[in-house]
2 protein chains.
Amino acid sequence: MPRYRLTVAYDGTNFHGWQKQCASEGPAQESLRTVQGVLEQAIVDVVRERVSVQGASRTDAGVHAIGQVAAFNCQMEMAPDRLAPAINSRLPDDAQVRSASIIHEGFSPITDAIAKGYRYRIAHGRKGPPPAGLPPLFSRHTTFWTPYRLDPVRMNEAARHLVGEHDFTSFTRKNHGRESPIRTIFDCTVTATGRQRCRLEVCGDGFLHNMVRIIVGTLVEVGRGRIDPDALGDILAAADRTAAGPTLPPQGLCLMWVQYENVAEAARPA
Amino acid sequence: MPRYRLTVAYDGTNFHGWQKQCASEGPAQESLRTVQGVLEQAIVDVVRERVSVQGASRTDAGVHAIGQVAAFNCQMEMAPDRLAPAINSRLPDDAQVRSASIIHEGFSPITDAIAKGYRYRIAHGRKGPPPAGLPPLFSRHTTFWTPYRLDPVRMNEAARHLVGEHDFTSFTRKNHGRESPIRTIFDCTVTATGRQRCRLEVCGDGFLHNMVRIIVGTLVEVGRGRIDPDALGDILAAADRTAAGPTLPPQGLCLMWVQYENVAEAARPA
């Protein structure tokens, strides 16, 4: 039975995240609209058999992806270059299969991943008295906005402290389960992308729940001048969620790529 | 009674156009969500009196604006730099007042306009065999997509023929009313903005209904090689809607600025 690997992009705005789930509220157990759900349905419409799609990262509601990696088995054999257009013709306009290939049957998009890269986009206020500017209009679903003036150079200084192997307990939800809080960050960079725009790019061997959104929430505090860049070491050492900054909202976050065995699974922004 | 002038930006995706209207279908005469409607409501919430807002251009459903100009009278006197933030705090996140000023009481945003500028964004397929690429994901509400490979240089050649004073009957709906079909186009340019992206920028003293969307629909036919660039003169001369190309969908279109008495009312893209 062949196993297929897909690179999937989606605008997370109107999805309840990646993972299939049932609404916990309401009279009937209606299923919520998730990326995994619409992708499985589109694949079933193509291959005419039940499939179970696994994704590399269970992105939260509102989080986007350009290079999510998914895999599934099915009886039907199909040329990968015909599979992607066939699935796309059945997907809604906020999800796309960017590429498809045949992969060995033991491939797990979750446990075989050796690195993941995320981006977080920020728009911020200008120097001087209020009004500090306006939130972005056309990119409001892909960018976090703060009215405060941020200093991206200072944020980048702070970001360097996160590179390496650390206990990231300060940068995840309390009660994040029994898994180890140790992760290795390979790179963490803040770059100004305009006069009132900047972005965080971070990659590592794995991320705890909400980890990128708490990292960037802490870096925004640094950018506003409320945390010193050199305090990041102490915040890590505290191993205490309350030592770090707030969890920023999901819309700025995008899963850019997932890497397997040194073959980058990357895609360019749309 | 002071008269205020506003520069207004909106993401037209979830609006039934600029102008207030009632749903023609359905049991009750429910009002549709329009930019004029939400803007008037936000202003009423600020000034605590009934106002009537006029806009320079009655943009269609799905069409965006960065530099729409609107005006209204009210009893309340308010510093313009306080008015814009006050209105913005009551607007939904898909509409914004970018600036406010006090204007002479005879000002009409419609009849005093001497020029308007529009932009139309296009994404297109790549050279070679299909698949020709994928439609844009994150900019799908602000960009028209065609799977065909376009030649922006050829499109720009054709666009030059439209500059000047012409009868634009070929480039508007039939039965466009009794108004004159003569308009003057000051500039009309197609520019490649990426390997598979281009945009039309057009400005003139006024535009007939659907005129920009039919112009760009005709230029796309030129870009695909189905109409010769030099045929544009004949299409104008025909004064016949069927001589021109299709009306492209609204989402690529954005009203960029409206000019009054040689003072450009312009705003930069968000």
# chains A, B, ... in the order shown; residues from 1 in each chain; ligands from 1
>>> closest_atom_pairs(of="chain B", to="chain A", cutoff="7 Å", atoms="only C-alpha atoms", output="JSON lines")
{"residue": "B:Asp11", "atom": "CA", "partner": "A:Phe138", "partner_atom": "CA", "distance": 6.3}
{"residue": "B:Asp94", "atom": "CA", "partner": "A:Leu137", "partner_atom": "CA", "distance": 6.2}
{"residue": "B:Pro136", "atom": "CA", "partner": "A:Ala270", "partner_atom": "CA", "distance": 5.8}
{"residue": "B:Leu137", "atom": "CA", "partner": "A:Ala270", "partner_atom": "CA", "distance": 6.2}
{"residue": "B:Phe138", "atom": "CA", "partner": "A:Asp11", "partner_atom": "CA", "distance": 6.3}
{"residue": "B:Ala270", "atom": "CA", "partner": "A:Pro136", "partner_atom": "CA", "distance": 5.8}
>>> residues_around(residues="Ala42 in chain A", least_positions_apart="5", cutoff="10 Å", atoms="only C-alpha atoms", output="PDB file with N, CA, C and O atoms, in the first residue's frame")
ATOM      1  N   GLN A  36      -7.097  19.280   8.941  1.00  0.00           N
ATOM      2  CA  GLN A  36      -7.054  17.822   8.785  1.00  0.00           C
ATOM      3  C   GLN A  36      -8.390  17.295   8.253  1.00  0.00           C
ATOM      4  O   GLN A  36      -8.414  16.454   7.347  1.00  0.00           O
ATOM      5  N   GLY A  37      -9.469  17.835   8.756  1.00  0.00           N
ATOM      6  CA  GLY A  37     -10.804  17.403   8.331  1.00  0.00           C
ATOM      7  C   GLY A  37     -11.069  17.691   6.859  1.00  0.00           C
ATOM      8  O   GLY A  37     -11.485  16.801   6.111  1.00  0.00           O
ATOM      9  N   VAL A  47      -9.497   9.526  -3.848  1.00  0.00           N
ATOM     10  CA  VAL A  47      -9.066   8.122  -3.863  1.00  0.00           C
ATOM     11  C   VAL A  47     -10.205   7.141  -3.577  1.00  0.00           C
ATOM     12  O   VAL A  47     -10.024   5.928  -3.716  1.00  0.00           O
ATOM     13  N   ARG A  48     -11.371   7.656  -3.182  1.00  0.00           N
ATOM     14  CA  ARG A  48     -12.558   6.822  -2.998  1.00  0.00           C
ATOM     15  C   ARG A  48     -12.348   5.716  -1.975  1.00  0.00           C
ATOM     16  O   ARG A  48     -12.766   4.579  -2.159  1.00  0.00           O
ATOM     17  N   ALA A  86      -5.389  17.004  -8.225  1.00  0.00           N
ATOM     18  CA  ALA A  86      -6.681  16.359  -7.971  1.00  0.00           C
ATOM     19  C   ALA A  86      -7.214  16.736  -6.588  1.00  0.00           C
ATOM     20  O   ALA A  86      -8.397  17.042  -6.422  1.00  0.00           O
ATOM     21  N   ILE A  87      -6.335  16.713  -5.598  1.00  0.00           N
ATOM     22  CA  ILE A  87      -6.774  17.103  -4.245  1.00  0.00           C
ATOM     23  C   ILE A  87      -7.137  18.593  -4.230  1.00  0.00           C
ATOM     24  O   ILE A  87      -8.167  18.995  -3.687  1.00  0.00           O
ATOM     25  N   ASN A  88      -6.293  19.412  -4.862  1.00  0.00           N
ATOM     26  CA  ASN A  88      -6.542  20.870  -4.848  1.00  0.00           C
ATOM     27  C   ASN A  88      -7.886  21.232  -5.461  1.00  0.00           C
ATOM     28  O   ASN A  88      -8.542  22.174  -4.995  1.00  0.00           O
ATOM     29  N   SER A  89      -8.296  20.485  -6.487  1.00  0.00           N
ATOM     30  CA  SER A  89      -9.565  20.825  -7.126  1.00  0.00           C
ATOM     31  C   SER A  89     -10.741  20.549  -6.188  1.00  0.00           C
ATOM     32  O   SER A  89     -11.856  21.015  -6.434  1.00  0.00           O
ATOM     33  N   ARG A  90     -10.491  19.801  -5.126  1.00  0.00           N
ATOM     34  CA  ARG A  90     -11.545  19.505  -4.144  1.00  0.00           C
ATOM     35  C   ARG A  90     -11.369  20.246  -2.823  1.00  0.00           C
ATOM     36  O   ARG A  90     -12.158  20.058  -1.901  1.00  0.00           O
ATOM     37  N   LEU A  91     -10.323  21.044  -2.702  1.00  0.00           N
ATOM     38  CA  LEU A  91     -10.102  21.789  -1.460  1.00  0.00           C
ATOM     39  C   LEU A  91     -10.745  23.175  -1.545  1.00  0.00           C
ATOM     40  O   LEU A  91     -10.833  23.756  -2.619  1.00  0.00           O
ATOM     41  N   PRO A  92     -11.163  23.739  -0.395  1.00  0.00           N
ATOM     42  CA  PRO A  92     -11.627  25.126  -0.379  1.00  0.00           C
ATOM     43  C   PRO A  92     -10.448  26.065  -0.655  1.00  0.00           C
ATOM     44  O   PRO A  92      -9.290  25.630  -0.633  1.00  0.00           O
TER      45      PRO A  92
END
>>> residues_around(residues="Thr59 in chain B", least_positions_apart="5", cutoff="10 Å", atoms="only C-alpha atoms", output="PyMOL selection string")
chain B and resi 12+16-19+35+64-65+68+209-210+250+253-255
>>> write_last_selection(atoms="N, CA and C atoms", output="mmCIF file, in the first residue's frame")
data_model
loop_
_atom_site.group_PDB
_atom_site.id
_atom_site.type_symbol
_atom_site.label_atom_id
_atom_site.label_comp_id
_atom_site.auth_asym_id
_atom_site.auth_seq_id
_atom_site.Cartn_x
_atom_site.Cartn_y
_atom_site.Cartn_z
ATOM 1 N N GLY B 12 -12.769 45.248 1.121
ATOM 2 C CA GLY B 12 -14.138 45.108 0.620
ATOM 3 C C GLY B 12 -14.709 43.702 0.680
ATOM 4 N N HIS B 16 -21.020 44.587 1.129
ATOM 5 C CA HIS B 16 -21.808 44.635 -0.103
ATOM 6 C C HIS B 16 -21.592 45.993 -0.765
ATOM 7 N N GLY B 17 -20.331 46.346 -0.954
ATOM 8 C CA GLY B 17 -19.994 47.599 -1.612
ATOM 9 C C GLY B 17 -20.073 48.798 -0.683
ATOM 10 N N TRP B 18 -19.872 49.969 -1.269
ATOM 11 C CA TRP B 18 -19.898 51.211 -0.498
ATOM 12 C C TRP B 18 -21.304 51.595 -0.080
ATOM 13 N N GLN B 19 -22.214 51.620 -1.047
ATOM 14 C CA GLN B 19 -23.487 52.306 -0.841
ATOM 15 C C GLN B 19 -24.502 51.526 -0.010
ATOM 16 N N VAL B 35 -20.072 49.692 3.449
ATOM 17 C CA VAL B 35 -19.096 50.578 4.092
ATOM 18 C C VAL B 35 -19.787 51.854 4.558
ATOM 19 N N HIS B 64 -11.913 46.975 -2.934
ATOM 20 C CA HIS B 64 -11.253 47.573 -1.781
ATOM 21 C C HIS B 64 -10.986 49.057 -1.992
ATOM 22 N N ALA B 65 -10.620 49.734 -0.908
ATOM 23 C CA ALA B 65 -10.202 51.132 -1.027
ATOM 24 C C ALA B 65 -9.099 51.416 -0.025
ATOM 25 N N GLN B 68 -10.439 56.108 -0.394
ATOM 26 C CA GLN B 68 -11.806 56.611 -0.612
ATOM 27 C C GLN B 68 -11.938 57.933 0.148
ATOM 28 N N HIS B 209 -19.301 52.539 -14.947
ATOM 29 C CA HIS B 209 -19.491 51.349 -14.134
ATOM 30 C C HIS B 209 -18.761 50.152 -14.744
ATOM 31 N N ASN B 210 -17.983 49.447 -13.920
ATOM 32 C CA ASN B 210 -17.198 48.268 -14.333
ATOM 33 C C ASN B 210 -16.054 48.585 -15.292
ATOM 34 N N PRO B 250 -14.246 41.393 -8.701
ATOM 35 C CA PRO B 250 -13.950 42.627 -7.969
ATOM 36 C C PRO B 250 -12.699 42.575 -7.095
ATOM 37 N N LEU B 253 -9.444 44.691 -7.418
ATOM 38 C CA LEU B 253 -9.564 46.150 -7.594
ATOM 39 C C LEU B 253 -9.479 46.917 -6.277
ATOM 40 N N CYS B 254 -8.757 48.034 -6.324
ATOM 41 C CA CYS B 254 -8.646 48.896 -5.142
ATOM 42 C C CYS B 254 -8.639 50.360 -5.572
ATOM 43 N N LEU B 255 -9.513 51.160 -4.956
ATOM 44 C CA LEU B 255 -9.519 52.614 -5.172
ATOM 45 C C LEU B 255 -8.361 53.199 -4.367
#
>>> residues_around(residues="Leu83 in chain B", least_positions_apart="5", cutoff="9 Å", atoms="only C-alpha atoms", output="list of chain:residue names")
B:Ile43, B:Val46, B:Met78, B:Asn88, B:Ser99, B:Ala100, B:Ser101
>>> atom_distance(atom1="CA of Ser57 in chain B", atom2="CA of Thr111 in chain B")
10.4 Å
>>> select_by_dssp(residues="range 86-244 of chain A", states="strand (DSSP E)", output="PyMOL selection string")
chain A and resi 95-103+113-124+144-146+164-167+182-194+197-204
>>> select_by_dssp(residues="range 8-257 of chain A", states="alpha helix (DSSP H)", output="PyMOL selection string")
chain A and resi 35-47+80-88+152-160+211-224+232-238
>>> closest_residue(among="B:Pro181, B:Gly206, B:Val216, B:Pro152", to="Arg58 in chain B", atoms="only C-alpha atoms")
B:Gly206
>>> residues_around(residues="range 223-234 of chain B", least_positions_apart="4", cutoff="7 Å", atoms="only C-alpha atoms", output="JSON, numbers by chain")
{"B": [148, 149, 150, 151, 152, 154, 155, 157, 158, 161, 219, 238]}
>>> write_last_selection(atoms="N, CA and C atoms", output="mmCIF file, in the first residue's frame")
data_model
loop_
_atom_site.group_PDB
_atom_site.id
_atom_site.type_symbol
_atom_site.label_atom_id
_atom_site.label_comp_id
_atom_site.auth_asym_id
_atom_site.auth_seq_id
_atom_site.Cartn_x
_atom_site.Cartn_y
_atom_site.Cartn_z
ATOM 1 N N TYR B 148 -3.380 31.088 -16.837
ATOM 2 C CA TYR B 148 -2.624 31.327 -18.069
ATOM 3 C C TYR B 148 -1.407 32.198 -17.810
ATOM 4 N N ARG B 149 -0.372 31.947 -18.591
ATOM 5 C CA ARG B 149 0.818 32.778 -18.529
ATOM 6 C C ARG B 149 0.528 34.108 -19.220
ATOM 7 N N LEU B 150 0.794 35.220 -18.533
ATOM 8 C CA LEU B 150 0.552 36.543 -19.121
ATOM 9 C C LEU B 150 1.873 37.228 -19.467
ATOM 10 N N ASP B 151 1.813 38.102 -20.438
ATOM 11 C CA ASP B 151 2.981 38.898 -20.825
ATOM 12 C C ASP B 151 2.698 40.365 -20.477
ATOM 13 N N PRO B 152 3.208 40.832 -19.326
ATOM 14 C CA PRO B 152 2.881 42.191 -18.873
ATOM 15 C C PRO B 152 3.391 43.282 -19.814
ATOM 16 N N ARG B 154 3.467 43.181 -23.133
ATOM 17 C CA ARG B 154 2.411 43.243 -24.153
ATOM 18 C C ARG B 154 1.151 43.945 -23.615
ATOM 19 N N MET B 155 0.787 43.639 -22.395
ATOM 20 C CA MET B 155 -0.392 44.262 -21.772
ATOM 21 C C MET B 155 -0.190 45.772 -21.630
ATOM 22 N N GLU B 157 1.752 47.657 -23.478
ATOM 23 C CA GLU B 157 1.668 48.227 -24.829
ATOM 24 C C GLU B 157 0.211 48.542 -25.182
ATOM 25 N N ALA B 158 -0.661 47.570 -24.903
ATOM 26 C CA ALA B 158 -2.093 47.753 -25.187
ATOM 27 C C ALA B 158 -2.679 48.869 -24.336
ATOM 28 N N HIS B 161 -2.892 52.607 -25.435
ATOM 29 C CA HIS B 161 -3.928 53.048 -26.378
ATOM 30 C C HIS B 161 -5.137 53.666 -25.673
ATOM 31 N N LEU B 219 -7.130 43.544 -21.161
ATOM 32 C CA LEU B 219 -5.657 43.471 -21.145
ATOM 33 C C LEU B 219 -5.170 42.056 -20.825
ATOM 34 N N ALA B 238 -15.231 50.737 -31.716
ATOM 35 C CA ALA B 238 -16.442 49.945 -31.935
ATOM 36 C C ALA B 238 -17.609 50.446 -31.088
#
>>> atom_distance(atom1="CA of His104 in chain B", atom2="CA of Tyr4 in chain B")
8.4 Å
>>> atom_distance(atom1="CA of Asp60 in chain A", atom2="CA of Ala115 in chain A")
18.6 Å
>>> closest_residue(among="B:Val153, B:Val38, B:Val51, B:Leu162", to="Ile182 in chain B", atoms="only C-alpha atoms")
B:Leu162
>>> decode(residues="range 204-231 of chain A", atoms="C-alpha atoms", output="compact mmCIF listing (two decimals), in the first residue's frame")
# COMPACT_ATOMS: atom_id res chain seq x y z
CA GLY A 204 14.48 24.29 16.37
CA ASP A 205 14.19 20.55 16.87
CA GLY A 206 10.69 20.95 18.30
CA PHE A 207 8.40 23.37 20.08
CA LEU A 208 6.26 23.10 23.20
CA HIS A 209 2.66 24.24 23.11
CA ASN A 210 2.41 28.05 22.61
CA MET A 211 6.22 28.27 22.75
CA VAL A 212 6.69 30.57 19.73
CA ARG A 213 3.80 32.81 20.77
CA ILE A 214 5.25 33.21 24.29
CA ILE A 215 8.78 33.77 22.94
CA VAL A 216 7.52 36.56 20.68
CA GLY A 217 5.32 37.95 23.48
CA THR A 218 8.44 38.22 25.64
CA LEU A 219 10.46 39.78 22.82
CA VAL A 220 7.74 42.42 22.29
CA GLU A 221 8.15 43.37 25.97
CA VAL A 222 11.89 43.72 25.25
CA GLY A 223 11.12 45.79 22.15
CA ARG A 224 8.93 48.14 24.22
CA GLY A 225 11.71 48.57 26.75
CA ARG A 226 9.97 46.76 29.60
CA ILE A 227 12.38 43.78 29.73
CA ASP A 228 16.16 44.00 29.30
CA PRO A 229 17.57 41.87 26.44
CA ASP A 230 20.01 40.22 28.86
CA ALA A 231 17.15 39.15 31.15
